[in-house]
file model.txt (compact mmCIF, C-alpha atoms)
# COMPACT_ATOMS: atom_id res chain seq x y z
CA HIS A 1172 0.00 0.00 0.00
CA ALA A 1173 1.38 3.42 -0.94
CA LYS A 1174 0.66 4.93 2.49
CA GLN A 1175 2.51 2.16 4.32
CA SER A 1176 5.59 1.54 2.20
CA PRO A 1177 7.24 2.94 -0.96
CA CYS A 1178 5.72 1.68 -4.18
CA TYR A 1179 8.08 0.79 -7.01
CA ILE A 1180 6.56 0.27 -10.45
CA GLN A 1181 7.96 -0.86 -13.77
CA PRO A 1182 7.61 1.59 -16.65
CA ASN A 1183 6.13 0.84 -20.03
CA ARG A 1184 8.47 0.94 -23.02
CA THR A 1185 8.12 2.55 -26.41
CA SER A 1186 9.39 0.98 -29.61
CA ASN A 1187 12.73 2.81 -29.21
CA HIS A 1188 13.09 1.71 -25.55
CA GLN A 1189 11.94 4.94 -23.89
CA ASP A 1190 10.19 4.72 -20.50
CA PHE A 1191 6.70 6.12 -19.98
CA PHE A 1192 3.86 5.78 -17.48
CA SER A 1193 0.13 6.11 -17.90
CA LEU A 1194 -1.60 8.53 -15.55
CA ASP A 1195 -3.77 5.71 -14.26
CA ALA A 1196 -0.67 3.71 -13.25
CA LEU A 1197 0.78 6.66 -11.34
CA LEU A 1198 -2.51 7.34 -9.54
CA ARG A 1199 -2.84 3.71 -8.50
CA ALA A 1200 0.79 3.67 -7.36
CA VAL A 1201 0.20 6.59 -4.96
CA ASP A 1202 -3.28 5.30 -3.99
CA ILE A 1203 -5.22 8.32 -5.28
CA ASP A 1204 -8.62 8.34 -6.99
CA LEU A 1205 -9.59 11.41 -9.01
CA ASP A 1206 -13.11 11.19 -7.59
CA GLY A 1207 -11.83 10.96 -3.99
CA CYS A 1208 -11.97 13.89 -1.59
CA ASN A 1209 -8.97 16.17 -1.24
CA GLU A 1210 -9.37 16.44 2.52
CA GLU A 1211 -6.75 19.16 3.00
CA LEU A 1212 -8.59 21.50 0.60
CA SER A 1213 -12.19 20.49 1.35
CA ASN A 1214 -14.42 22.65 3.51
CA GLU A 1215 -16.51 21.31 6.39
CA GLY A 1216 -19.34 19.26 4.98
CA GLN A 1217 -18.26 19.91 1.40
CA CYS A 1218 -16.03 17.46 -0.46
CA LYS A 1219 -13.77 18.74 -3.20
CA THR A 1220 -12.48 15.97 -5.41
CA TYR A 1221 -9.07 15.81 -6.99
CA ARG A 1222 -10.76 16.51 -10.33
CA GLU A 1223 -11.79 19.90 -8.95
CA THR A 1224 -8.66 20.85 -7.02
CA GLY A 1225 -6.03 19.04 -9.04
CA ALA A 1226 -3.02 17.37 -7.44
CA THR A 1227 0.75 17.00 -7.74
CA ILE A 1228 2.67 13.73 -7.94
CA LEU A 1229 6.43 13.71 -7.38
CA LEU A 1230 8.13 11.07 -9.50
CA ASN A 1231 11.51 10.27 -7.96
CA ILE A 1232 14.06 8.68 -10.28
CA TYR A 1233 16.98 7.24 -8.33
CA TRP A 1234 20.18 6.13 -10.09
CA SER A 1235 23.12 4.26 -8.55
CA ASP A 1236 26.05 1.97 -9.33
CA PHE A 1237 26.51 0.60 -5.80
CA HIS A 1238 24.66 -2.06 -3.84
CA ALA A 1239 25.02 -2.82 -0.15
CA TYR A 1240 27.09 -5.97 0.62
CA HIS A 1241 27.94 -6.28 -3.08
CA GLY A 1242 29.98 -3.16 -3.82
CA MET A 1243 30.19 -1.77 -7.34
CA VAL A 1244 27.53 -3.12 -9.69
CA GLU A 1245 26.16 -2.30 -13.12
CA PRO A 1246 24.35 1.07 -13.07
CA TYR A 1247 20.63 0.76 -12.38
CA TYR A 1248 17.70 3.07 -11.71
CA TYR A 1249 14.16 2.88 -10.40
CA TYR A 1250 11.07 5.08 -10.08
CA ALA A 1251 9.38 5.94 -6.77
CA PRO A 1252 6.21 8.05 -7.17
CA LYS A 1253 4.95 10.03 -4.18
CA PHE A 1254 1.76 12.02 -3.73
CA LEU A 1255 2.19 15.50 -2.22
CA ALA A 1256 -0.60 15.80 0.34
CA GLY A 1257 -2.50 19.10 0.28
CA SER A 1258 -1.29 19.94 -3.21
CA SER A 1259 -3.43 21.28 -6.03
CA PHE A 1260 -2.91 22.26 -9.63
CA LYS A 1261 -4.83 24.41 -12.04
CA GLN A 1262 -4.03 26.43 -15.12
CA ASN A 1263 -5.88 29.29 -16.76
CA ILE A 1264 -5.53 29.13 -20.54
CA PRO A 1265 -6.87 32.12 -22.51
CA PHE A 1266 -8.17 31.86 -26.07
CA TYR A 1267 -8.49 35.25 -27.77
CA ASP A 1268 -11.20 35.84 -30.38
CA THR A 1269 -10.01 39.41 -30.86
CA TYR A 1270 -6.73 40.24 -29.13
CA ARG A 1271 -7.30 42.33 -26.00
CA LYS A 1272 -11.00 42.65 -26.73
CA SER A 1273 -12.61 39.24 -26.54
CA ARG A 1274 -11.35 35.99 -25.11
CA THR A 1275 -12.40 32.63 -23.76
CA LEU A 1276 -10.72 31.57 -20.48
CA LEU A 1277 -10.26 27.87 -19.87
CA ASN A 1278 -9.91 27.05 -16.14
CA ALA A 1279 -8.20 23.64 -16.25
CA HIS A 1280 -7.59 21.40 -13.23
CA GLY A 1281 -5.51 18.27 -13.45
CA VAL A 1282 -2.63 16.21 -12.15
CA ARG A 1283 0.84 17.68 -12.42
CA VAL A 1284 3.78 15.27 -12.47
CA ALA A 1285 7.04 16.74 -11.15
CA VAL A 1286 10.20 14.73 -11.80
CA LEU A 1287 13.16 14.66 -9.40
CA LEU A 1288 16.33 12.92 -10.55
CA THR A 1289 18.90 11.92 -7.91
CA GLY A 1290 21.64 9.33 -7.70
CA ASP A 1291 25.08 8.25 -6.53
CA TYR A 1292 28.26 7.70 -8.51
CA HIS A 1293 31.21 5.87 -6.96
CA GLU A 1294 34.87 5.63 -7.92
CA PHE A 1295 38.10 4.73 -6.14
CA ASN A 1296 40.04 7.71 -4.77
CA VAL A 1297 43.62 7.14 -3.56
CA VAL A 1298 43.72 10.33 -1.48
CA GLN A 1299 40.45 9.56 0.30
CA PHE A 1300 41.58 5.97 0.88
CA SER A 1301 44.86 7.16 2.42
CA VAL A 1302 43.08 9.61 4.71
CA THR A 1303 40.60 6.95 5.83
CA LEU A 1304 43.33 4.36 6.42
CA THR A 1305 45.51 6.78 8.40
CA THR A 1306 42.55 7.82 10.54
CA ALA A 1307 41.61 4.19 11.20
CA LEU A 1308 45.17 3.29 12.25
CA GLY A 1309 45.32 6.33 14.54
CA LEU A 1310 42.02 5.42 16.18
CA LEU A 1311 43.22 1.83 16.61
CA ALA A 1312 46.37 3.02 18.41
CA VAL A 1313 44.35 5.32 20.67
CA ALA A 1314 41.89 2.51 21.44
CA THR A 1315 44.76 0.17 22.36
CA THR A 1316 46.26 2.76 24.71
CA ILE A 1317 42.92 3.41 26.41
CA VAL A 1318 42.20 -0.31 26.87
CA ASP A 1319 45.67 -0.97 28.29
CA THR A 1320 45.33 1.92 30.74
CA LEU A 1321 41.94 0.73 31.96
CA MET A 1322 43.12 -2.86 32.22
CA LEU A 1323 46.35 -2.17 34.10
CA TYR A 1324 45.47 0.71 36.41
CA ILE A 1325 41.69 1.09 36.85
CA LEU A 1326 39.80 -2.22 36.62
CA PRO A 1327 39.36 -4.27 39.82
CA GLU A 1328 41.55 -7.16 38.57
CA LYS A 1329 44.40 -4.91 37.45
CA GLN A 1330 47.00 -6.98 39.35
CA ARG A 1331 45.99 -10.09 37.47
CA TYR A 1332 46.16 -8.23 34.16
CA GLN A 1333 49.62 -6.89 34.96
CA LYS A 1334 50.92 -10.41 35.62
CA ALA A 1335 49.40 -11.62 32.34
CA LYS A 1336 50.79 -8.72 30.31
CA TYR A 1337 54.31 -8.51 31.75
CA GLU A 1338 56.53 -11.57 32.27
CA GLU A 1339 58.83 -11.51 35.32
CA GLU A 1340 62.32 -13.08 35.00
CA GLU A 1341 64.66 -14.06 37.87
CA ASN A 1342 68.38 -13.16 37.69
CA THR A 1343 70.29 -16.50 37.85
CA SER A 1344 73.73 -15.06 37.07
CA THR A 1345 76.43 -15.84 39.72
CA SER A 1346 78.98 -13.37 38.42
CA SER A 1347 78.78 -9.62 38.18
CA VAL A 1348 80.61 -9.70 34.87
CA SER A 1349 78.32 -10.06 31.88
CA GLN A 1350 78.90 -12.58 29.13
CA PRO A 1351 79.96 -10.01 26.49
CA ASP A 1352 82.61 -8.60 28.89
CA LEU A 1353 84.11 -12.08 29.42
CA ARG A 1354 84.45 -12.64 25.67
CA PHE A 1355 86.16 -9.25 25.31
CA GLN A 1356 88.71 -10.10 28.04
CA GLU A 1357 89.48 -13.46 26.37
CA MET A 1358 90.22 -11.66 23.09
CA LEU A 1359 92.63 -9.26 24.83
CA ILE A 1360 94.54 -12.18 26.47
CA MET A 1361 94.89 -13.96 23.10
CA GLU A 1362 96.28 -10.81 21.46
CA GLU A 1363 98.86 -10.34 24.28
CA ASN A 1364 100.04 -13.95 23.90
CA GLU A 1365 100.56 -13.47 20.18
CA LEU A 1366 102.66 -10.33 20.78
CA ASP A 1367 104.98 -12.16 23.27
CA GLN A 1368 105.95 -14.85 20.74
CA PRO A 1369 109.25 -14.20 18.72
CA LEU A 1370 108.87 -13.31 15.11
CA LEU A 1371 109.94 -16.01 12.63
CA PRO A 1372 111.56 -14.99 9.33
CA ASP A 1373 109.51 -15.64 6.28
CA THR A 1374 112.50 -17.15 4.33
CA ALA A 1375 115.76 -18.96 5.26
CA PRO A 1376 119.12 -16.91 5.40
CA MET A 1377 120.99 -16.66 2.08
CA GLN A 1378 124.39 -18.51 1.89
CA ILE A 1379 127.17 -16.92 -0.24
CA ASP A 1380 129.83 -19.20 -1.77
CA HIS A 1381 133.25 -17.39 -1.97
CA GLY A 1382 135.08 -20.34 -3.67
call {"tool": "encode", "arguments": {"input": "model.txt", "output": "structure tokens"}}
result
Amino acid sequence: HAKQSPCYIQPNRTSNHQDFFSLDALLRAVDIDLDGCNEELSNEGQCKTYRETGATILLNIYWSDFHAYHGMVEPYYYYAPKFLAGSSFKQNIPFYDTYRKSRTLLNAHGVRVAVLLTGDYHEFNVVQFSVTLTTALGLLAVATTIVDTLMLYILPEKQRYQKAKYEEEENTSTSSVSQPDLRFQEMLIMEENELDQPLLPDTAPMQIDHG
């Protein structure tokens, strides 16, 4: 029913694939009868029909290339007619027998169809993606900091959380000298031992024969 939910209707097609609607289809889509009372414009005890007051129908045409949970899709469009409550429409059309001297005035009432075209177009934007990604990472870091602070210092079981987050290690070393210092001292002793050894000639002494 048009008053309870939006009404979507399929258009008729011409031979060259152009959309069109009959007035009867639009009136049925918005649940309006031309012989029904226009309550907003009727006086007490006197019913004015839509034939007398006229009416306005807004035909929304929505276009999009995106569908929820599917992403980018082939472009599509649909029509959503809507009746504007309290609206009226009339037009005075003069017909001159003799210009500025004699005329016939036609007071015409009818249904006016106003068309509103809206839609969405989507494309990938590197700059917008970078801004969104940077913002998301920043919010993630802030959220992590806030959660850690609440967990370690404010919540009732903060001691338990601290033990789970930080691992305690016992010092089992029996010497005050660290392992890297011991290796450095061993290297110095080896170099001193090499310096104390006598140098050996690379070649044997040359013998000269005087005979």
call {"tool": "atom_distance", "arguments": {"input": "model.txt", "atom1": "atom CA of A:Asp1206", "atom2": "atom CA of A:Lys1219"}}
result
8.8 Å
call {"tool": "atom_distance", "arguments": {"input": "model.txt", "atom1": "atom CA of A:Thr1316", "atom2": "atom CA of A:Gln1333"}}
result
14.5 Å
call {"tool": "residues_around", "arguments": {"input": "model.txt", "residues": "A:Tyr1250", "least_positions_apart": "4", "cutoff": "12 Å", "atoms": "only C-alpha atoms", "output": "list of chain:residue names"}}
result
A:Pro1177, A:Cys1178, A:Tyr1179, A:Ile1180, A:Gln1181, A:Pro1182, A:Asn1183, A:Asp1190, A:Phe1191, A:Phe1192, A:Leu1197, A:Ala1200, A:Leu1229, A:Leu1230, A:Asn1231, A:Ile1232, A:Tyr1233, A:Trp1234, A:Val1286, A:Leu1287, A:Leu1288, A:Thr1289, A:Gly1290
call {"tool": "write_last_selection", "arguments": {"input": "model.txt", "atoms": "C-alpha atoms", "output": "PDB file, keeping the file's coordinate frame"}}
result
ATOM      1  CA  PRO A1177       7.240   2.940  -0.960  1.00  0.00           C
ATOM      2  CA  CYS A1178       5.720   1.680  -4.180  1.00  0.00           C
ATOM      3  CA  TYR A1179       8.080   0.790  -7.010  1.00  0.00           C
ATOM      4  CA  ILE A1180       6.560   0.270 -10.450  1.00  0.00           C
ATOM      5  CA  GLN A1181       7.960  -0.860 -13.770  1.00  0.00           C
ATOM      6  CA  PRO A1182       7.610   1.590 -16.650  1.00  0.00           C
ATOM      7  CA  ASN A1183       6.130   0.840 -20.030  1.00  0.00           C
ATOM      8  CA  ASP A1190      10.190   4.720 -20.500  1.00  0.00           C
ATOM      9  CA  PHE A1191       6.700   6.120 -19.980  1.00  0.00           C
ATOM     10  CA  PHE A1192       3.860   5.780 -17.480  1.00  0.00           C
ATOM     11  CA  LEU A1197       0.780   6.660 -11.340  1.00  0.00           C
ATOM     12  CA  ALA A1200       0.790   3.670  -7.360  1.00  0.00           C
ATOM     13  CA  LEU A1229       6.430  13.710  -7.380  1.00  0.00           C
ATOM     14  CA  LEU A1230       8.130  11.070  -9.500  1.00  0.00           C
ATOM     15  CA  ASN A1231      11.510  10.270  -7.960  1.00  0.00           C
ATOM     16  CA  ILE A1232      14.060   8.680 -10.280  1.00  0.00           C
ATOM     17  CA  TYR A1233      16.980   7.240  -8.330  1.00  0.00           C
ATOM     18  CA  TRP A1234      20.180   6.130 -10.090  1.00  0.00           C
ATOM     19  CA  VAL A1286      10.200  14.730 -11.800  1.00  0.00           C
ATOM     20  CA  LEU A1287      13.160  14.660  -9.400  1.00  0.00           C
ATOM     21  CA  LEU A1288      16.330  12.920 -10.550  1.00  0.00           C
ATOM     22  CA  THR A1289      18.900  11.920  -7.910  1.00  0.00           C
ATOM     23  CA  GLY A1290      21.640   9.330  -7.700  1.00  0.00           C
TER      24      GLY A1290
END
call {"tool": "atom_distance", "arguments": {"input": "model.txt", "atom1": "atom CA of A:Ala1279", "atom2": "atom CA of A:Asn1263"}}
result
6.1 Å
call {"tool": "residues_near_point", "arguments": {"input": "model.txt", "point": "(30.3, 0.6, -8.8)", "cutoff": "10 Å", "atoms": "only C-alpha atoms", "output": "list in words"}}
result
Ser1235, Asp1236, Phe1237, His1238, His1241, Gly1242, Met1243, Val1244, Glu1245, Pro1246, Asp1291, Tyr1292, His1293, Glu1294 and Phe1295 of chain A
